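Shown next: my_file-v7.txt, containing compact mmCIF, C-alpha atoms.
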# COMPACT_ATOMS: atom_id res chain seq x y z
CA MET A 1142 104.03 96.66 91.39
CA ARG A 1143 104.28 98.52 88.12
CA ALA A 1144 100.51 98.31 87.76
CA LEU A 1145 100.18 100.12 91.09
CA ILE A 1146 102.56 102.81 89.90
CA GLN A 1147 100.60 103.19 86.69
CA ASN A 1148 97.32 103.55 88.56
CA SER A 1149 98.72 106.30 90.77
CA LEU A 1150 100.17 108.11 87.79
CA PHE A 1151 96.97 107.93 85.77
CA SER A 1152 95.17 109.64 88.65
CA ALA A 1153 97.51 112.59 88.16
CA LEU A 1154 97.09 112.69 84.38
CA ILE A 1155 100.58 111.45 83.60
CA ILE A 1156 101.22 109.23 80.62
CA ILE A 1157 102.89 105.84 80.60
CA CYS A 1158 104.83 104.09 77.89
CA ILE A 1159 106.56 100.73 78.11
CA SER A 1160 109.23 98.93 76.14
CA THR A 1161 111.63 96.08 75.91
CA VAL A 1162 114.77 95.89 73.80
CA ALA A 1163 114.72 92.97 71.41
CA ALA A 1164 118.48 92.60 71.65
CA LEU A 1165 118.24 91.63 75.30
CA SER A 1166 116.58 88.37 74.35
CA ASN A 1167 119.40 87.58 71.94
CA PRO A 1168 122.58 86.39 73.70
CA VAL A 1169 124.71 87.33 70.68
CA LYS A 1170 123.68 90.99 70.90
CA GLU A 1171 123.31 91.32 74.66
CA THR A 1172 126.74 92.81 75.34
CA LYS A 1173 126.30 95.55 72.75
CA ALA A 1174 122.78 96.31 73.92
CA GLN A 1175 123.81 96.60 77.55
CA LYS A 1176 126.78 98.77 76.63
CA TYR A 1177 124.65 101.37 74.91
CA LEU A 1178 121.38 101.29 76.84
CA PRO A 1179 120.61 104.81 78.04
CA PHE A 1180 118.92 103.75 81.29
CA PRO A 1181 120.49 102.85 84.66
CA LYS A 1182 118.80 99.46 84.44
CA THR A 1183 120.13 97.12 81.75
CA HIS A 1184 117.30 94.60 81.57
CA ALA A 1185 113.87 94.90 79.98
CA PRO A 1186 111.07 95.78 80.20
CA PHE A 1187 111.54 99.51 80.53
CA LEU A 1188 108.97 101.99 81.76
CA ALA A 1189 108.82 105.65 80.72
CA VAL A 1190 106.60 108.33 82.21
CA LEU A 1191 105.69 111.55 80.43
CA THR A 1192 104.26 114.49 82.30
CA GLU A 1193 101.27 116.31 80.92
CA PRO A 1194 102.21 119.54 79.08
CA ASP A 1195 100.58 121.63 81.82
CA ALA A 1196 102.64 120.06 84.61
CA ALA A 1197 104.45 123.37 85.15
CA SER A 1198 101.51 125.66 84.44
CA SER A 1199 101.20 126.75 88.07
CA PRO A 1200 102.83 126.12 91.45
CA VAL A 1201 99.88 123.93 92.45
CA ARG A 1202 100.05 121.81 89.30
CA ARG A 1203 103.80 121.51 89.62
CA GLN A 1204 103.58 120.33 93.20
CA GLU A 1205 100.91 117.77 92.28
CA THR A 1206 103.28 116.36 89.68
CA VAL A 1207 106.22 116.29 92.09
CA ASN A 1208 104.15 114.51 94.73
CA VAL A 1209 103.19 111.78 92.28
CA PHE A 1210 106.80 111.22 91.30
CA ARG A 1211 107.92 111.18 94.91
CA SER A 1212 105.53 108.31 95.51
CA ALA A 1213 106.34 106.50 92.27
CA LEU A 1214 110.10 106.74 92.66
CA SER A 1215 109.91 105.24 96.15
CA VAL A 1216 108.67 101.97 94.62
CA ASN A 1217 111.33 99.40 93.85
CA ASP A 1218 111.21 97.30 90.71
CA ASP A 1219 110.17 94.16 92.58
CA ASP A 1220 108.97 92.55 89.35
CA ASP A 1221 112.62 92.00 88.54
CA ASN A 1222 113.60 88.34 88.76
CA SER A 1223 116.87 88.68 86.93
CA GLY A 1224 119.11 88.91 89.98
CA SER A 1225 120.70 91.97 88.46
CA ASP A 1226 122.56 94.52 90.56
CA ASP A 1227 121.22 97.38 88.45
CA SER A 1228 120.58 100.60 90.32
CA GLY A 1229 117.41 101.42 88.40
CA GLY A 1230 113.91 101.28 89.80
CA ALA A 1231 110.45 100.73 88.42
CA ILE A 1232 110.60 103.89 86.29
CA ASP A 1233 113.45 104.12 83.80
CA ILE A 1234 112.95 107.52 82.18
CA ILE A 1235 110.88 110.60 82.96
CA SER A 1236 110.18 112.96 80.08
CA ILE A 1237 109.10 116.43 81.20
CA ARG A 1238 106.89 117.85 78.50
CA VAL A 1239 106.48 121.55 77.74
CA ASP A 1240 103.37 123.53 76.85
CA ASP A 1241 104.40 125.26 73.62
CA ASP A 1242 101.37 127.56 73.79
CA ASP A 1243 102.21 128.99 77.19
CA SER A 1244 105.77 130.31 77.17
CA SER A 1245 106.58 133.14 79.56
CA ALA A 1246 109.13 134.04 82.19
CA THR A 1247 106.81 132.75 84.90
CA GLN A 1248 106.17 129.52 83.02
CA ASP A 1249 109.89 129.01 82.45
CA GLU A 1250 110.57 129.47 86.15
CA GLU A 1251 107.92 126.91 87.06
CA LEU A 1252 109.40 124.51 84.50
CA ARG A 1253 112.89 125.04 85.88
CA ILE A 1254 111.73 124.28 89.42
CA LEU A 1255 109.83 121.20 88.24
CA VAL A 1256 112.87 119.81 86.43
CA GLN A 1257 115.12 120.48 89.43
CA ASP A 1258 112.68 118.86 91.83
CA ILE A 1259 112.32 115.71 89.74
CA LEU A 1260 116.08 115.48 89.24
CA GLN A 1261 116.57 115.73 92.98
CA LEU A 1262 113.95 113.05 93.58
CA SER A 1263 115.68 110.78 91.08
CA SER A 1264 119.03 111.19 92.80
CA VAL A 1265 117.57 110.83 96.29
CA ALA A 1266 115.60 107.74 95.27
CA ALA A 1267 118.76 106.10 94.04
CA ASN A 1268 120.72 106.70 97.21
CA THR A 1269 118.33 106.91 100.14
CA ASN A 1270 114.54 106.95 100.36
CA ALA A 1271 112.46 109.21 98.13
CA ASN A 1272 109.89 109.70 100.89
CA THR A 1273 112.38 111.18 103.37
CA THR A 1274 113.71 114.12 101.38
CA GLN A 1275 111.73 117.04 100.04
CA PRO A 1276 112.68 118.83 96.81
CA ASN A 1277 113.97 122.32 97.43
CA ASP A 1278 111.93 125.00 95.68
CA ASP A 1279 114.71 127.50 96.35
CA TYR A 1280 117.35 125.41 94.61
CA ASP A 1281 119.39 127.69 92.37
CA ASP A 1282 122.93 126.30 92.40
CA PRO A 1283 123.82 125.01 88.89
CA HIS A 1284 126.75 123.07 90.34
CA HIS A 1285 124.77 121.23 93.01
CA ASN A 1286 126.27 117.76 93.48
CA ASP A 1287 123.05 115.79 94.05
CA HIS A 1288 122.53 115.50 90.30
CA ASP A 1289 125.98 113.96 89.88
CA LEU A 1290 124.89 110.87 91.82
CA THR A 1291 123.89 107.77 89.91
CA PRO A 1292 120.19 108.37 89.25
CA LYS A 1293 117.45 105.84 89.78
CA CYS A 1294 115.96 106.95 86.47
CA ILE A 1295 116.85 109.25 83.60
CA VAL A 1296 115.21 112.71 83.46
CA VAL A 1297 114.93 114.49 80.10
CA VAL A 1298 113.28 117.77 79.11
CA ASN A 1299 111.23 118.02 75.94
CA ASP A 1300 112.68 120.47 73.41
CA ARG A 1301 114.03 123.02 75.89
CA VAL A 1302 117.78 122.59 75.65
CA ASP A 1303 118.25 125.81 77.65
CA ILE A 1304 116.24 124.48 80.60
CA ALA A 1305 117.98 121.11 80.43
CA ILE A 1306 121.38 122.81 80.56
CA ALA A 1307 120.38 125.23 83.31
CA CYS A 1308 119.10 122.38 85.49
CA GLN A 1309 121.75 119.84 84.45
CA ALA A 1310 119.10 117.38 83.33
CA HIS A 1311 120.30 114.05 81.98
CA GLY A 1312 119.18 114.90 78.48
CA VAL A 1313 116.63 116.28 76.02
CA HIS A 1314 113.72 114.76 74.13
CA VAL A 1315 113.69 116.16 70.58
CA LYS A 1316 110.54 116.49 68.51
CA GLU A 1317 110.08 114.12 65.59
CA LYS A 1318 110.40 116.95 63.05
CA ASP A 1319 113.67 118.05 64.66
CA ALA A 1320 115.38 114.64 64.72
CA SER A 1321 118.11 115.95 62.43
CA LYS A 1322 119.18 118.22 65.30
CA ILE A 1323 119.95 115.35 67.67
CA GLY A 1324 123.69 115.64 67.07
CA SER A 1325 123.82 119.36 67.69
CA VAL A 1326 121.64 119.06 70.81
CA ARG A 1327 123.95 116.37 72.17
CA GLN A 1328 126.97 118.56 71.52
CA GLN A 1329 125.42 121.47 73.44
CA LEU A 1330 124.74 119.20 76.40
CA VAL A 1331 128.24 117.68 76.31
CA GLU A 1332 129.87 121.11 76.20
CA SER A 1333 127.74 122.24 79.12
CA ARG A 1334 128.80 119.20 81.13
CA ARG A 1335 132.43 119.94 80.42
CA ARG A 1336 132.08 123.55 81.53
CA CYS A 1337 130.53 122.37 84.79
CA GLY A 1338 133.22 119.75 85.28
CA SER A 1339 130.69 116.99 85.99
CA SER A 1340 130.83 114.87 82.84
CA THR A 1341 132.94 112.15 84.43
CA GLN A 1342 130.51 111.58 87.31
CA ARG A 1343 127.14 111.71 85.64
CA PRO A 1344 125.38 109.36 83.21
CA ALA A 1345 126.02 109.80 79.52
CA VAL A 1346 124.14 112.60 77.77
CA ILE A 1347 120.77 111.25 76.63
CA VAL A 1348 118.94 112.51 73.54
CA GLY A 1349 115.78 110.79 72.35
CA SER A 1350 112.98 111.48 69.92
CA SER A 1351 109.45 110.48 68.92
CA CYS A 1352 108.34 108.72 65.76
CA HIS A 1353 105.10 107.77 64.05
CA SER A 1354 106.53 105.78 61.13
CA VAL A 1355 109.33 103.39 60.28
CA ALA A 1356 111.03 106.00 58.09
CA SER A 1357 110.96 108.56 60.90
CA ALA A 1358 112.40 106.04 63.36
CA VAL A 1359 115.25 105.14 61.02
CA ARG A 1360 116.09 108.81 60.50
CA ALA A 1361 116.19 109.39 64.25
CA ALA A 1362 118.36 106.33 64.86
CA GLU A 1363 120.74 107.40 62.12
CA ALA A 1364 120.92 110.83 63.73
CA GLY A 1365 122.01 109.19 66.99
CA ALA A 1366 118.83 108.87 69.08
CA ASP A 1367 119.39 106.99 72.33
CA TYR A 1368 115.74 105.90 72.57
CA LEU A 1369 112.47 106.36 70.68
CA PHE A 1370 108.89 106.93 71.76
CA VAL A 1371 106.67 105.15 69.22
CA GLY A 1372 102.95 105.76 68.80
CA THR A 1373 100.15 106.38 68.86
CA CYS A 1374 99.26 102.86 70.01
CA PHE A 1375 95.77 103.29 71.50
CA PRO A 1376 93.20 106.08 71.86
CA THR A 1377 94.43 108.71 74.28
CA GLN A 1378 92.91 111.64 76.15
CA THR A 1379 95.92 113.77 75.27
CA HIS A 1380 94.96 113.74 71.58
CA PRO A 1381 91.25 112.90 71.46
CA GLU A 1382 91.01 114.35 67.97
CA LYS A 1383 93.28 111.65 66.59
CA THR A 1384 91.04 108.88 65.27
CA VAL A 1385 93.47 107.16 62.90
CA LEU A 1386 96.10 105.51 65.07
CA GLU A 1387 99.41 103.91 64.12
CA GLY A 1388 98.58 101.07 66.51
CA PRO A 1389 100.86 98.86 68.61
CA GLN A 1390 102.00 96.96 65.52
CA LEU A 1391 104.08 99.98 64.49
CA VAL A 1392 106.38 99.34 67.43
CA GLY A 1393 107.09 95.86 66.11
CA ASP A 1394 107.66 97.14 62.57
CA ILE A 1395 110.13 99.73 63.83
CA ARG A 1396 111.85 97.24 66.12
CA LYS A 1397 112.47 94.90 63.17
CA ALA A 1398 113.68 97.70 60.91
CA LEU A 1399 116.12 99.01 63.48
CA ASP A 1400 117.40 95.52 64.28
CA ASP A 1401 118.02 94.87 60.59
CA LEU A 1402 119.96 98.12 60.27
CA GLY A 1403 122.16 97.52 63.30
CA TYR A 1404 120.28 99.69 65.80
CA SER A 1405 119.12 96.88 68.06
CA HIS A 1406 120.48 98.78 71.07
CA VAL A 1407 117.97 101.63 70.65
CA PRO A 1408 114.93 101.06 72.91
CA CYS A 1409 111.53 101.62 71.30
CA LEU A 1410 108.97 102.63 73.91
CA ALA A 1411 105.30 102.27 73.03
CA ILE A 1412 103.27 105.40 73.74
CA GLY A 1413 99.70 106.58 73.44
CA GLY A 1414 96.86 105.26 75.57
CA ILE A 1415 99.09 102.81 77.44
CA ASN A 1416 97.58 101.57 80.70
CA GLU A 1417 97.71 98.59 83.05
CA THR A 1418 95.26 96.60 80.90
CA ASN A 1419 97.00 96.96 77.52
CA CYS A 1420 100.68 97.59 78.29
CA HIS A 1421 101.53 93.94 77.56
CA ILE A 1422 100.31 94.14 73.95
CA PRO A 1423 103.19 96.18 72.42
CA VAL A 1424 105.76 94.19 74.39
CA ARG A 1425 104.54 90.61 74.08
CA GLU A 1426 102.77 90.72 70.74
CA PHE A 1427 104.85 93.26 68.83
CA ARG A 1428 108.31 93.11 70.46
CA ALA A 1429 108.41 96.74 71.62
Take the structure in the file and write it out as structure tokens.
Amino acid sequence: MRALIQNSLFSALIIICISTVAALSNPVKETKAQKYLPFPKTHAPFLAVLTEPDAASSPVRRQETVNVFRSALSVNDDDDNSGSDDSGGAIDIISIRVDDDDSSATQDEELRILVQDILQLSSVAANTNANTTQPNDDYDDPHHNDHDLTPKCIVVVNDRVDIAIACQAHGVHVKEKDASKIGSVRQQLVESRRRCGSSTQRPAVIVGSSCHSVASAVRAAEAGADYLFVGTCFPTQTHPEKTVLEGPQLVGDIRKALDDLGYSHVPCLAIGGINETNCHIPVREFRA
């Protein structure tokens, strides 16, 4: 079923990354790993979806993105044979990327609506049927209770702490160069939750980052990252100019380094050119 989700997402120019957590295959570490996993689902593999940077560039593009997620979030994780009662679905985390070159009041409004719509879909998918409820483009209540429901997947916003706070997103994805700010970003989100009085109902604040080297991954983990996107694994249309790739083996190198340092609970999600034909390589061959 995940392959079907991936195919539909690729048609909308949305990027996939996939991961397992090595600790989950180790009974000694399983309790710790499950305690700290940032996703609603506590068993691997995990699937992340990243929007294209232009997903909020226009009302039409935004609606295309929302429609894809409505369809994807209606799919249950029927590849799961664990018998778990987890509330998660086939997608574990959605990262809403931002076009740094196109920042304006109009763009920010489109981004805000996109984040709110996807958050609403995540909550609806977890509690009813994602196909029966439409996101509300006029949503403007920062204390709306739908987001306090247990989500089917985690929704984070890249870089824009202000948008994440305004929309009550589950967290923020911090750039690799800004990994040292993970603690301060988390504090801003926690304080916002407290002001809204919703911190006891919602999932823990999630702050992740990206990495392209073992050293970068270690720095992010030490700074408190809840998850890591690791790449670039394969050639990708997003960065066609990049000809020297880190490759899927980097995920395995980072996984081992983090395990050795006591960060086995931090998921490492392979990113970059991931599709239904190669998604098994980082997971099975390199222990993503």
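When the distance limit is 9 Å and all atoms listed in the file are what count, the residues near Phe1210 in chain A, minus those fewer than 5 positions from it on the same chain, are Leu1150, Glu1205, Ser1215, Ile1259, Leu1262 and Ser1263 of chain A.
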**Message:** Can you measure CA of Asp1401 in chain A to CA of Arg1360 in chain A for me? One decimal in Å is fine.
**Reply:** 14.1 Å
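Proximity to Ala1189 in chain A was assessed for A:Cys1337, A:Val1201, A:Leu1369, A:Val1256 counting all atoms listed in the file; the smallest distance is recorded for A:Leu1369.
Reported to one decimal place, the separation of CA of Thr1373 in chain A from CA of Asp1300 in chain A is 19.4 Å.
Here CA of Ile1347 in chain A stands at a distance of 14.1 Å from CA of Lys1316 in chain A.
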